[in-house]
Structure formats: structure tokens, C-alpha cells
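**Q** Below is the file protein22.txt, which contains compact mmCIF, C-alpha atoms.
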# COMPACT_ATOMS: atom_id res chain seq x y z
CA MET A 1 -30.32 29.32 -14.17
CA LYS A 2 -27.76 29.84 -16.91
CA VAL A 3 -28.78 28.80 -20.37
CA TRP A 4 -25.89 27.43 -22.35
CA ILE A 5 -26.21 27.44 -26.13
CA PRO A 6 -23.62 25.21 -27.83
CA LYS A 7 -21.35 27.04 -30.25
CA LEU A 8 -20.62 25.81 -33.74
CA GLN A 9 -18.53 22.66 -33.27
CA LEU A 10 -15.69 22.48 -35.74
CA PRO A 11 -14.44 18.96 -36.54
CA TRP A 12 -10.77 19.76 -35.94
CA LEU A 13 -11.59 20.77 -32.42
CA HIS A 14 -12.98 17.31 -31.72
CA ARG A 15 -9.80 15.32 -31.45
CA SER A 16 -9.90 12.53 -28.91
CA ARG A 17 -13.57 12.88 -27.99
CA GLY A 18 -13.50 9.21 -27.19
CA ILE A 19 -11.47 6.07 -27.62
CA THR A 20 -12.38 3.33 -30.06
CA ILE A 21 -11.03 -0.22 -29.80
CA ARG A 22 -11.09 -2.22 -33.02
CA SER A 23 -9.39 -5.30 -34.40
CA GLU A 24 -8.04 -6.70 -37.62
CA VAL A 25 -7.41 -10.39 -38.06
CA GLU A 26 -5.17 -11.84 -40.76
CA VAL A 27 -4.82 -15.55 -41.56
CA TRP A 28 -2.23 -17.31 -43.69
CA ASN A 29 -2.31 -21.03 -44.55
CA GLY A 30 -0.59 -22.05 -47.78
CA LYS A 31 -2.52 -20.40 -50.59
CA THR A 32 -5.23 -19.19 -48.25
CA HIS A 33 -4.95 -15.62 -47.08
CA ILE A 34 -7.81 -13.95 -45.20
CA ARG A 35 -7.96 -10.46 -43.81
CA VAL A 36 -10.93 -9.33 -41.73
CA GLY A 37 -11.16 -5.66 -40.79
CA HIS A 38 -13.05 -6.13 -37.54
CA ASN A 39 -13.99 -8.66 -34.88
CA HIS A 40 -16.70 -9.13 -32.28
CA PHE A 41 -15.76 -8.40 -28.69
CA VAL A 42 -17.88 -10.18 -26.11
CA ASP A 43 -19.27 -8.77 -22.89
CA GLN A 44 -16.69 -10.31 -20.57
CA GLY A 45 -13.95 -8.59 -22.59
CA LEU A 46 -15.67 -5.28 -21.98
CA ILE A 47 -15.96 -6.02 -18.25
CA ASN A 48 -12.26 -6.81 -18.06
CA LEU A 49 -11.37 -3.40 -19.51
CA VAL A 50 -13.36 -1.57 -16.85
CA ASN A 51 -11.95 -3.83 -14.14
CA GLN A 52 -8.39 -3.15 -15.21
CA LEU A 53 -8.89 0.61 -15.28
CA THR A 54 -10.47 0.66 -11.82
CA MET A 55 -8.14 -1.72 -10.02
CA GLY A 56 -6.87 0.00 -6.89
CA SER A 57 -4.03 -2.31 -5.97
CA GLY A 58 -2.40 -5.69 -6.37
CA ALA A 59 -2.51 -7.96 -3.35
CA ILE A 60 0.56 -9.17 -1.49
CA GLY A 61 2.33 -11.72 -3.67
CA ASN A 62 2.31 -12.31 -7.41
CA GLN A 63 -1.07 -12.29 -9.09
CA GLN A 64 -1.06 -13.63 -12.63
CA GLN A 65 -3.36 -12.15 -15.22
CA GLN A 66 -4.02 -10.94 -18.75
CA VAL A 67 -1.05 -12.14 -20.82
CA TYR A 68 0.86 -14.20 -18.29
CA SER A 69 2.30 -17.30 -19.98
CA GLY A 70 -0.54 -19.81 -20.45
CA TYR A 71 -3.18 -17.14 -19.78
CA TYR A 72 -3.90 -16.09 -23.36
CA THR A 73 -4.15 -17.86 -26.70
CA LEU A 74 -5.82 -17.92 -30.12
CA LYS A 75 -8.31 -20.67 -30.84
CA LEU A 76 -9.75 -22.29 -33.94
CA GLY A 77 -13.35 -23.53 -34.14
CA ARG A 78 -15.46 -25.56 -36.57
CA ASP A 79 -18.87 -23.91 -36.25
CA THR A 80 -20.23 -22.23 -39.38
CA THR A 81 -23.80 -21.40 -38.37
CA THR A 82 -23.84 -19.53 -35.05
CA PRO A 83 -23.38 -15.72 -35.10
CA THR A 84 -21.51 -14.10 -32.23
CA THR A 85 -23.55 -12.88 -29.27
CA ALA A 86 -22.33 -10.56 -26.53
CA SER A 87 -22.89 -13.20 -23.86
CA MET A 88 -20.76 -15.84 -25.59
CA THR A 89 -17.95 -17.20 -23.40
CA ALA A 90 -16.33 -19.73 -25.75
CA LEU A 91 -16.21 -20.66 -29.41
CA VAL A 92 -19.18 -22.87 -30.31
CA ASP A 93 -17.11 -25.83 -31.48
CA GLU A 94 -13.56 -25.23 -30.38
CA VAL A 95 -10.55 -27.17 -31.67
CA ALA A 96 -8.48 -28.26 -28.67
CA THR A 97 -5.06 -28.02 -30.32
CA GLU A 98 -3.10 -25.04 -29.06
CA PRO A 99 -0.77 -23.08 -31.35
CA ASN A 100 2.85 -24.22 -31.46
CA SER A 101 4.04 -20.68 -31.03
CA LEU A 102 2.40 -17.60 -29.60
CA SER A 103 3.83 -14.11 -29.27
CA GLY A 104 2.62 -10.65 -28.45
CA ALA A 105 3.82 -7.13 -29.18
CA LYS A 106 2.75 -3.55 -28.58
CA SER A 107 3.38 -0.48 -30.67
CA ASN A 108 2.59 3.21 -30.67
CA PRO A 109 2.66 4.08 -34.40
CA VAL A 110 1.50 7.68 -33.97
CA THR A 111 0.11 9.90 -31.25
CA GLY A 112 -3.42 8.74 -30.59
CA THR A 113 -2.93 5.16 -31.79
CA VAL A 114 -1.65 2.27 -29.68
CA ARG A 115 -1.75 -1.32 -30.90
CA ILE A 116 -1.59 -4.83 -29.43
CA THR A 117 -0.63 -7.67 -31.78
CA VAL A 118 -0.92 -11.37 -31.00
CA THR A 119 0.53 -13.87 -33.46
CA ALA A 120 -0.12 -17.62 -33.29
CA THR A 121 1.28 -20.35 -35.52
CA TRP A 122 0.28 -24.00 -35.84
CA LEU A 123 3.03 -25.94 -37.60
CA ALA A 124 2.16 -27.87 -40.76
CA GLY A 125 0.26 -31.04 -39.92
CA THR A 126 -0.52 -30.22 -36.29
CA VAL A 127 -4.14 -29.25 -36.95
CA SER A 128 -6.60 -30.15 -39.70
CA GLY A 129 -10.22 -29.89 -40.82
CA ALA A 130 -12.55 -26.98 -41.50
CA VAL A 131 -12.27 -23.64 -39.70
CA GLY A 132 -15.44 -21.58 -39.33
CA GLU A 133 -14.64 -19.45 -36.28
CA LEU A 134 -11.62 -17.89 -34.61
CA GLY A 135 -11.30 -16.69 -31.04
CA LEU A 136 -8.93 -14.55 -29.01
CA ARG A 137 -8.70 -15.76 -25.42
CA TRP A 138 -7.27 -13.69 -22.58
CA GLY A 139 -6.58 -13.91 -18.84
CA LEU A 140 -9.70 -11.94 -17.98
CA TRP A 141 -11.47 -10.75 -14.88
CA SER A 142 -14.90 -11.58 -16.23
CA SER A 143 -17.09 -10.39 -13.32
CA LEU A 144 -17.48 -6.67 -12.80
CA GLN A 145 -15.47 -5.69 -9.71
CA SER A 146 -16.12 -2.71 -7.48
CA PHE A 147 -14.34 0.61 -7.96
CA GLY A 148 -10.84 0.48 -6.42
CA TRP A 149 -10.84 -3.32 -6.06
CA GLN A 150 -7.77 -5.33 -5.14
CA ALA A 151 -6.55 -8.03 -7.52
CA SER A 152 -6.00 -10.55 -4.76
CA ALA A 153 -6.15 -13.67 -6.94
CA ASN A 154 -5.01 -14.81 -10.35
CA SER A 155 -7.33 -13.92 -13.20
CA ASN A 156 -9.20 -16.54 -15.19
CA THR A 157 -7.16 -18.22 -17.89
CA LYS A 158 -7.90 -18.11 -21.60
CA TRP A 159 -11.38 -16.63 -21.51
CA LEU A 160 -13.00 -15.56 -24.75
CA MET A 161 -12.45 -11.88 -25.42
CA SER A 162 -13.28 -11.68 -29.11
CA ARG A 163 -14.47 -13.82 -32.02
CA ILE A 164 -14.86 -13.78 -35.80
CA SER A 165 -16.86 -16.35 -37.71
CA ASN A 166 -18.26 -17.58 -40.97
CA ALA A 167 -21.76 -17.22 -39.49
CA ASP A 168 -21.21 -13.49 -38.92
CA GLY A 169 -20.12 -13.09 -42.53
CA ASP A 170 -16.62 -12.14 -41.43
CA PHE A 171 -14.87 -14.74 -43.60
CA SER A 172 -15.67 -17.86 -45.57
CA ALA A 173 -14.98 -21.13 -43.75
CA PHE A 174 -11.87 -22.81 -45.08
CA THR A 175 -10.23 -26.24 -44.85
CA ILE A 176 -6.76 -26.23 -43.34
CA ASN A 177 -3.96 -27.11 -45.74
CA THR A 178 -1.99 -29.52 -43.53
CA GLY A 179 1.06 -29.18 -45.76
CA ALA A 180 1.60 -25.58 -44.66
CA PRO A 181 1.73 -23.74 -41.35
CA LEU A 182 -1.35 -21.85 -40.21
CA THR A 183 -0.57 -18.38 -38.89
CA ILE A 184 -3.04 -15.90 -37.41
CA GLU A 185 -2.27 -12.32 -36.46
CA TRP A 186 -4.85 -10.52 -34.30
CA ARG A 187 -4.25 -6.78 -34.11
CA ILE A 188 -6.21 -4.71 -31.56
CA THR A 189 -5.96 -1.00 -32.16
CA PHE A 190 -6.82 1.64 -29.56
CA SER A 191 -7.30 5.04 -31.16
CA PHE A 192 -8.91 8.41 -30.66
CA ILE A 193 -12.14 9.16 -32.42
CA MET B 1 -2.19 -16.93 -53.54
CA GLU B 2 -5.91 -17.37 -53.15
CA SER B 3 -7.24 -14.41 -51.24
CA ILE B 4 -10.68 -15.00 -49.83
CA GLY B 5 -11.07 -12.21 -47.35
CA LEU B 6 -10.00 -8.93 -48.91
CA ALA B 7 -12.84 -6.48 -49.17
CA HIS B 8 -11.78 -4.88 -52.43
CA GLU B 9 -11.60 -7.95 -54.66
CA VAL B 10 -14.34 -8.83 -57.14
CA ASN B 11 -15.75 -12.00 -55.69
CA PHE B 12 -19.46 -12.60 -55.81
CA GLY B 13 -19.40 -14.74 -52.68
CA ARG B 14 -17.77 -11.92 -50.77
CA LEU B 15 -20.09 -9.37 -52.39
CA ARG B 16 -23.06 -11.37 -51.15
CA ILE B 17 -21.61 -11.48 -47.64
CA GLY B 18 -20.81 -7.78 -47.80
CA LEU B 19 -24.33 -6.82 -48.87
CA SER B 20 -25.86 -9.17 -46.33
CA ARG B 21 -23.67 -7.61 -43.65
CA ALA B 22 -24.66 -4.08 -44.61
CA VAL B 23 -28.37 -4.91 -44.70
CA ARG B 24 -28.22 -6.74 -41.40
CA ARG B 25 -26.32 -3.89 -39.78
CA ARG B 26 -28.93 -1.40 -41.00
CA LEU B 27 -31.96 -3.45 -40.11
CA THR B 28 -31.12 -5.41 -36.99
CA GLY B 29 -27.49 -5.23 -36.00
CA VAL B 30 -27.69 -9.00 -35.54
CA GLY B 31 -24.32 -10.66 -35.77
CA TYR B 32 -22.44 -7.40 -35.30
CA ILE B 33 -22.28 -7.18 -31.59
CA GLY B 34 -18.98 -5.94 -30.30
CA GLU B 35 -17.51 -4.99 -33.64
CA ARG B 36 -15.89 -2.08 -31.84
CA ILE B 37 -15.61 -0.95 -28.25
CA ARG B 38 -16.15 2.73 -27.72
CA VAL B 39 -14.92 4.53 -24.62
CA LYS B 40 -16.77 7.81 -24.15
CA ALA B 41 -17.46 10.10 -21.25
CA GLU B 42 -20.15 12.45 -20.03
CA VAL B 43 -19.41 15.19 -17.54
CA GLU B 44 -22.08 16.90 -15.44
CA VAL B 45 -21.45 19.99 -13.33
CA TRP B 46 -23.60 21.52 -10.58
CA ASN B 47 -22.79 24.76 -8.76
CA GLY B 48 -25.74 26.68 -7.38
CA GLU B 49 -27.80 27.77 -10.36
CA THR B 50 -25.18 26.57 -12.81
CA HIS B 51 -25.83 23.14 -14.23
CA PHE B 52 -24.48 21.75 -17.49
CA ILE B 53 -23.82 18.40 -19.12
CA VAL B 54 -21.11 17.78 -21.68
CA THR B 55 -21.58 14.53 -23.57
CA HIS B 56 -17.95 13.92 -24.42
CA ASN B 57 -14.46 14.70 -23.26
CA HIS B 58 -10.97 14.58 -24.70
CA PHE B 59 -8.81 11.64 -23.70
CA VAL B 60 -5.09 12.29 -23.94
CA GLN B 61 -2.40 10.01 -25.31
CA GLN B 62 -1.09 8.85 -21.93
CA GLY B 63 -4.58 7.59 -21.05
CA LEU B 64 -4.60 5.50 -24.20
CA ILE B 65 -1.18 4.08 -23.33
CA HIS B 66 -2.31 3.20 -19.82
CA LEU B 67 -5.31 1.28 -21.11
CA VAL B 68 -3.09 -0.85 -23.35
CA ASN B 69 -0.54 -1.33 -20.58
CA PHE B 70 -3.11 -2.78 -18.24
CA LEU B 71 -4.53 -5.11 -20.87
CA THR B 72 -1.07 -6.59 -21.42
CA VAL B 73 0.19 -6.80 -17.85
CA GLN B 74 1.26 -10.30 -16.81
CA ARG B 75 1.60 -9.90 -13.08
CA THR B 76 0.58 -7.49 -10.37
CA GLY B 77 1.41 -7.86 -6.74
CA GLY B 78 3.11 -6.69 -3.62
CA GLY B 79 0.32 -4.33 -2.66
CA PHE B 80 1.33 -1.83 -5.32
CA LEU B 81 -1.09 0.97 -6.00
CA TYR B 82 -2.67 1.82 -9.34
CA ASN B 83 -5.49 3.60 -11.08
CA CYS B 84 -7.96 4.64 -8.45
CA ALA B 85 -6.25 3.72 -5.17
CA SER B 86 -6.81 6.35 -2.52
CA GLY B 87 -4.79 9.45 -3.38
CA TYR B 88 -4.06 8.17 -6.90
CA TYR B 89 -6.95 9.78 -8.74
CA THR B 90 -8.77 13.07 -8.60
CA MET B 91 -10.64 15.69 -10.53
CA LYS B 92 -9.11 19.07 -11.21
CA LEU B 93 -10.37 22.53 -12.08
CA GLY B 94 -8.44 24.93 -14.28
CA THR B 95 -8.77 28.57 -15.23
CA ASP B 96 -7.52 28.51 -18.83
CA THR B 97 -10.01 29.55 -21.51
CA THR B 98 -7.84 29.73 -24.63
CA HIS B 99 -5.95 26.46 -25.14
CA ILE B 100 -7.64 23.56 -26.92
CA THR B 101 -6.88 20.01 -25.81
CA ASP B 102 -3.93 18.35 -27.44
CA ALA B 103 -3.34 14.58 -27.38
CA SER B 104 0.11 15.07 -25.87
CA MET B 105 -1.19 17.19 -22.99
CA THR B 106 -0.20 15.90 -19.54
CA ALA B 107 -1.85 18.48 -17.26
CA LEU B 108 -4.50 21.15 -17.33
CA TYR B 109 -3.10 24.36 -18.71
CA SER B 110 -3.71 26.44 -15.60
CA GLU B 111 -4.66 24.08 -12.82
CA ILE B 112 -6.23 25.13 -9.52
CA ALA B 113 -4.40 23.41 -6.69
CA THR B 114 -7.40 22.91 -4.40
CA GLU B 115 -8.44 19.26 -4.24
CA PRO B 116 -12.10 18.24 -3.91
CA ASN B 117 -13.40 17.75 -0.38
CA THR B 118 -14.96 14.44 -1.32
CA LEU B 119 -14.25 12.00 -4.09
CA LEU B 120 -16.18 8.82 -4.90
CA GLY B 121 -16.03 6.12 -7.55
CA LEU B 122 -18.51 3.52 -8.72
CA ASN B 123 -18.51 0.73 -11.30
CA THR B 124 -21.86 -0.06 -12.94
CA ASN B 125 -22.95 -2.95 -15.12
CA VAL B 126 -25.52 -1.05 -17.17
CA GLY B 127 -26.34 -4.05 -19.34
CA LEU B 128 -24.95 -6.47 -21.87
CA GLY B 129 -22.41 -4.51 -23.89
CA VAL B 130 -22.42 -1.40 -21.68
CA LYS B 131 -20.20 -0.92 -18.60
CA ARG B 132 -19.51 2.31 -16.78
CA PHE B 133 -17.39 3.82 -14.07
CA THR B 134 -18.38 7.08 -12.46
CA VAL B 135 -16.24 9.49 -10.47
CA THR B 136 -17.94 12.18 -8.40
CA ALA B 137 -16.05 15.09 -6.83
CA THR B 138 -17.42 17.81 -4.57
CA TRP B 139 -15.81 21.02 -3.40
CA ASN B 140 -17.68 22.37 -0.40
CA ALA B 141 -19.12 25.88 -0.60
CA GLY B 142 -16.38 28.49 -0.20
CA THR B 143 -13.40 26.15 -0.63
CA VAL B 144 -12.66 27.16 -4.20
CA SER B 145 -13.34 30.31 -6.21
CA GLY B 146 -12.66 32.06 -9.50
CA THR B 147 -13.30 31.22 -13.13
CA VAL B 148 -13.37 27.64 -14.39
CA GLY B 149 -12.42 27.18 -18.03
CA GLU B 150 -11.16 23.60 -18.02
CA LEU B 151 -11.82 20.35 -16.15
CA GLY B 152 -9.54 17.34 -15.87
CA LEU B 153 -9.81 13.73 -14.74
CA ARG B 154 -6.54 12.51 -13.24
CA TRP B 155 -5.70 8.85 -12.73
CA GLY B 156 -2.94 6.67 -11.24
CA MET B 157 -1.39 5.63 -14.52
CA PHE B 158 1.61 4.01 -16.16
CA THR B 159 2.13 6.63 -18.86
CA THR B 160 5.03 5.02 -20.72
CA LEU B 161 4.22 2.15 -23.06
CA GLN B 162 5.48 -0.99 -21.32
CA GLY B 163 6.75 -4.18 -22.97
CA TRP B 164 4.51 -7.11 -23.77
CA ALA B 165 3.73 -9.11 -20.58
CA TRP B 166 5.29 -6.57 -18.21
CA ASP B 167 5.12 -6.80 -14.42
CA ALA B 168 3.36 -4.02 -12.52
CA TYR B 169 5.77 -4.26 -9.60
CA THR B 170 5.77 -0.62 -8.72
CA ASN B 171 3.17 1.96 -7.89
CA ALA B 172 1.63 3.82 -10.81
CA SER B 173 2.29 7.53 -11.19
CA THR B 174 -0.26 9.48 -9.21
CA LYS B 175 -2.93 11.76 -10.61
CA GLN B 176 -1.79 11.88 -14.23
CA LEU B 177 -4.12 13.56 -16.73
CA LEU B 178 -6.45 11.00 -18.35
CA SER B 179 -9.00 13.30 -19.91
CA ARG B 180 -9.92 16.97 -20.23
CA LEU B 181 -12.72 19.21 -21.36
CA SER B 182 -12.48 22.94 -21.81
CA HIS B 183 -14.00 26.22 -22.82
CA ALA B 184 -11.39 26.51 -25.57
CA ASP B 185 -12.60 23.22 -27.10
CA LYS B 186 -16.12 24.68 -26.97
CA ASP B 187 -17.18 21.86 -24.66
CA PHE B 188 -18.74 24.31 -22.17
CA MET B 189 -18.73 28.00 -21.40
CA ALA B 190 -16.34 29.16 -18.71
CA PHE B 191 -18.19 29.98 -15.50
CA THR B 192 -17.43 31.76 -12.26
CA ILE B 193 -17.77 29.58 -9.19
CA ASN B 194 -20.64 30.51 -6.88
CA THR B 195 -18.81 30.28 -3.55
CA GLY B 196 -22.11 30.11 -1.68
CA ALA B 197 -22.87 26.67 -3.07
CA PRO B 198 -20.99 23.41 -3.37
CA LEU B 199 -19.42 22.55 -6.71
CA THR B 200 -20.06 18.96 -7.78
CA ILE B 201 -18.74 17.25 -10.89
CA GLU B 202 -19.69 13.77 -12.06
CA TRP B 203 -17.49 12.21 -14.73
CA ARG B 204 -19.05 9.11 -16.29
CA VAL B 205 -16.79 6.95 -18.49
CA THR B 206 -18.80 4.42 -20.52
CA PHE B 207 -17.40 1.41 -22.34
CA SER B 208 -19.86 0.09 -24.91
CA PHE B 209 -20.21 -1.98 -28.04
CA THR B 210 -20.91 -0.08 -31.23
Rewrite the coordinates I just gave you, this time as C-alpha cells.

**A**
Amino acid sequence: MKVWIPKLQLPWLHRSRGITIRSEVEVWNGKTHIRVGHNHFVDQGLINLVNQLTMGSGAIGNQQQQVYSGYYTLKLGRDTTTPTTASMTALVDEVATEPNSLSGAKSNPVTGTVRITVTATWLAGTVSGAVGELGLRWGLWSSLQSFGWQASANSNTKWLMSRISNADGDFSAFTINTGAPLTIEWRITFSFI
Amino acid sequence: MESIGLAHEVNFGRLRIGLSRAVRRRLTGVGYIGERIRVKAEVEVWNGETHFIVTHNHFVQQGLIHLVNFLTVQRTGGGFLYNCASGYYTMKLGTDTTHITDASMTALYSEIATEPNTLLGLNTNVGLGVKRFTVTATWNAGTVSGTVGELGLRWGMFTTLQGWAWDAYTNASTKQLLSRLSHADKDFMAFTINTGAPLTIEWRVTFSFT
């Protein structure tokens, strides 16, 4: 039996030991401007990642998923007391009103960093009240599939992938200024660690 | 402009939240589930009396791109093949012992052509916040020989960053380098294959909350 003794590990030899996926969320509404340097992914978001990386084939015909039109969105919620749990599948007290505009973009700022950005805007007066939670919803495959599975159906629509909330201490609940648009930018960054 | 969320401002409300967050993270982790997702890998090698485990690997840039591409696909279809369809993924051995992994690397430095005799994959739901896929490759005794200084996981990937909401209406590229570990990176010590025994490698990629 060979005995292997690890050598001195120098930090600059450790590039890309793993991948980390993090998010930043930025909110603008009149004089209110919030920036949160993280979010809370939920378990079904994690499952979807593994499913996507181990999909063997698409079935015959078009199968809609992930960011197909109507399959993803940002949501507002009123709850201010419930912290995020991994098993959460929706905001606790979701506001039904969808954003008036929704767009997505991808970028590759430097080697080792790739970013997804989703931007949602509610026009002035279209939504009101207090906001205590925010959610990113995606066209997810929320049940763990087998290795090499075939995507022979459309994915679920607008399932909770990630959340930030007042209860988690991510931001302070705020009341929407109905005289100004409400814009949220959710940036998900994939990078080497 | 009233800024209520920036970490650097002097705001006692935010300071309270910040301290509370730090204390909670230290003591319980409550409320911080899923703050980040970490993708890490473990690689285990068996060959006769040789047995070692490396608790990390080095993902390359095209693997990162592929992950983002598949999270932003809008349609798949037509029976197109991706990721781990048969013949689209594999594990590779290499003989190089001097070149460290670079993020822009797209192949092992000195790859051995011989494919594994068997190749298996498995998805596992380890628990809430931990999911894993495992790839196991075996070269039968005597089918491959020489020195091994690098190991690579190859995948059926889309290696060019696609547009937002793209359609995966073509097959992925086959067996593109997703991750590597090597003697040069000091991940393991190069070893000579014992041709009297099978060589088995298990590559476990774990997605977890941190």
C-alpha cells in the first residue's frame, strides 16, 4: 500500500478548486435603494442544477424550461417574520402582481466568472403596500432525476429558486412608493473558488 | 436617495441586523440556508495496492459556461444529446506531471487515448441542501499502462456562452474537459498503473449549500 503524504499546498496552485454560486440583489423605488450581497437558494433550485447537468437528451418535440417566456419571474411578498428554509417552495405571502417588464442577460466578465442577470420592473402605481420578501422564480425541474434522464416534458413554471427577506436580516421591509417605478435586479454569479 | 441596504453605511438599524446575522451564522446558521451554492468534487482512485482520495478538483472555464448555459436554456427538443448521453461523457487519464491546471484549459495536457471499459453515472439526493452526481470509470486489468500524472472528467457541453433564453436545438460537443486534477497541482502523486489489476476512478461532484 502506497502512503501518500500531501505536499505543501500553495494558494496560487488552488485556482478553480470548486465553483461557488452567489447572488446580489438590488432594488430601486423612488428614494429607496437597497443592495443585498447574497440571497438564499432553496433545495429545489439545487436539484434543478444537478438535473440540468445530468440531462442526457431532449425528447422529440419542443420542451419548454428554465427561462422560456412565462417560465421565470421575480416576485414580491409581504411577510416580515419567516426566515428562509431550504424546503421552502414559495414566498410566504406572495403579491400576485407580475412585473410589467422582465429581461435577462448573461455575461462573462473575466475568465472564471460567468453571470446571469434578471431585471424586473413594476411601473409606478401597479403595485403597492409593504415588501418584506423577494423571490426569484424559475422554470425548474424540482424532483431529482436519474443520471442521463430525458427531458420529455416541459419543466415546472415559476418555481421558487431563491429568496431574500426582512426576517433573514437581508434588508429592512419597505413600503412601495407608488409614484415611482419599482425595479429589481437579481445577479447570480458563478465563479471559481 | 435614502439607502437602506448598503453594508458600509453608519446605520444602527443595519448594524443591529449585521451583528445579529453574524452571531446567528456563528451559533446556529439559522436563516442563512442557501446563501451560496458550492460545487465541489472528490476523486477516488483504486489500482491494486494504490488507493488515494483527492477532496477537490479544478473546474475549467468551459465547465462554468456550460452550467450557466443550461440554467438559461429556454427549449430543448428533437432528441438532441447533451451532458451525459451515451458517448458524450468520459473520464480520461493523462501522463503529464509538470503543467498545473489553467482555467482556460480544454484538454488534459498529455491524454491517454484508451477509454474506460465501463462507465456509470448516478444522481443522489444526499439530503436537504446536498445533491450529488457520481461518475465511475473502470479500465480492466491490462488495458492501460504507464504513468498517470493527470485525470480529467469530460462532459457533453456547450462551451460557448449562449444568449439569454437560447434553444438547445443541436447536440452538445462531446467529451469536453469539465474538470481536472494533476500531479503538477499537487493534488496527488503520479503513479504507475499496475497492469495486473483494474483501475477504477470515482468522481463525485457535490452541489451543496454553504

**Q** Identify every residue of chain B that has at least one atom within 6 Å of any atom of chain A, counting only C-alpha atoms, and report the result as an MDAnalysis selection string.

**A** chainID B and resid 1:6 17 31 33:40 49:50 56:59 61 72:85 121:123 129 164:165 185

**Q** To one decimal in Å, tell me the separation between atom CA of B:Val130 and atom CA of B:Gln62.

**A**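 Computing the Euclidean distance for atom CA of B:Val130 and atom CA of B:Gln62 yields 23.7 Å.
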
**Q** Leaving out B:Ala197 and any residue of its chain fewer than 5 positions from it, which residues lie within 9 Å of it when counting only C-alpha atoms, given as a PyMOL selection string?

**A** chain B and resi 47-49+140-142

**Q** Could you tell me how far atom CA of A:Val131 sits from atom CA of A:Asn100, in Å to one decimal place?

**A**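 One can read the atom CA of A:Asn100 to atom CA of A:Val131 distance as 17.2 Å.
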
**Q** So the first atom is atom CA of A:Gly70 and the second is atom CA of A:Leu136; what is the distance between them in Å, to one decimal place?

**A**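 Straight-line distance from atom CA of A:Gly70 to atom CA of A:Leu136 works out to 13.1 Å.
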
**Q** From the list B:Glu202, B:Glu44, B:Asp96, B:Asp102, which residue is nearest B:Val135 when using all atoms listed in the file?

**A**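 Closest candidate: B:Glu202.
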
**Q** What residues have an atom no more than 10 Å from (-4.9, 14.0, -18.0) in the file's own frame, counting all atoms listed in the file, and can you write them as a ChimeraX atom specification?

**A** /B:58-63,91-92,103-108,151-155,157,175-181

**Q** Restricting the calculation to all atoms listed in the file: of A:Val95, A:Thr80, A:Leu134, A:Met88, which residue gets closest to A:Glu185?

**A** A:Leu134

**Q** Pick from B:Val68, B:Thr101, B:Tyr88, B:Thr124: nearest to B:Thr174, with all atoms listed in the file counted?

**A**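 That would be B:Tyr88, the residue with the smallest distance to B:Thr174.
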
**Q** Point out the residue among B:Ser110, B:Ser86, B:Ser173, B:Gln162 with the least atom-to-atom distance to B:Thr98, counting all atoms listed in the file.

**A**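 Of the candidates, the smallest distance to B:Thr98 is held by B:Ser110.
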
**Q** Extract, using only C-alpha atoms, all DNA, RNA and protein residues at most 8 Å from B:Met189, discarding same-chain residues fewer than 2 positions from it, and format them as a PyMOL selection string.

**A** (chain A and resi 4) or (chain B and resi 149+183+186-187+191)
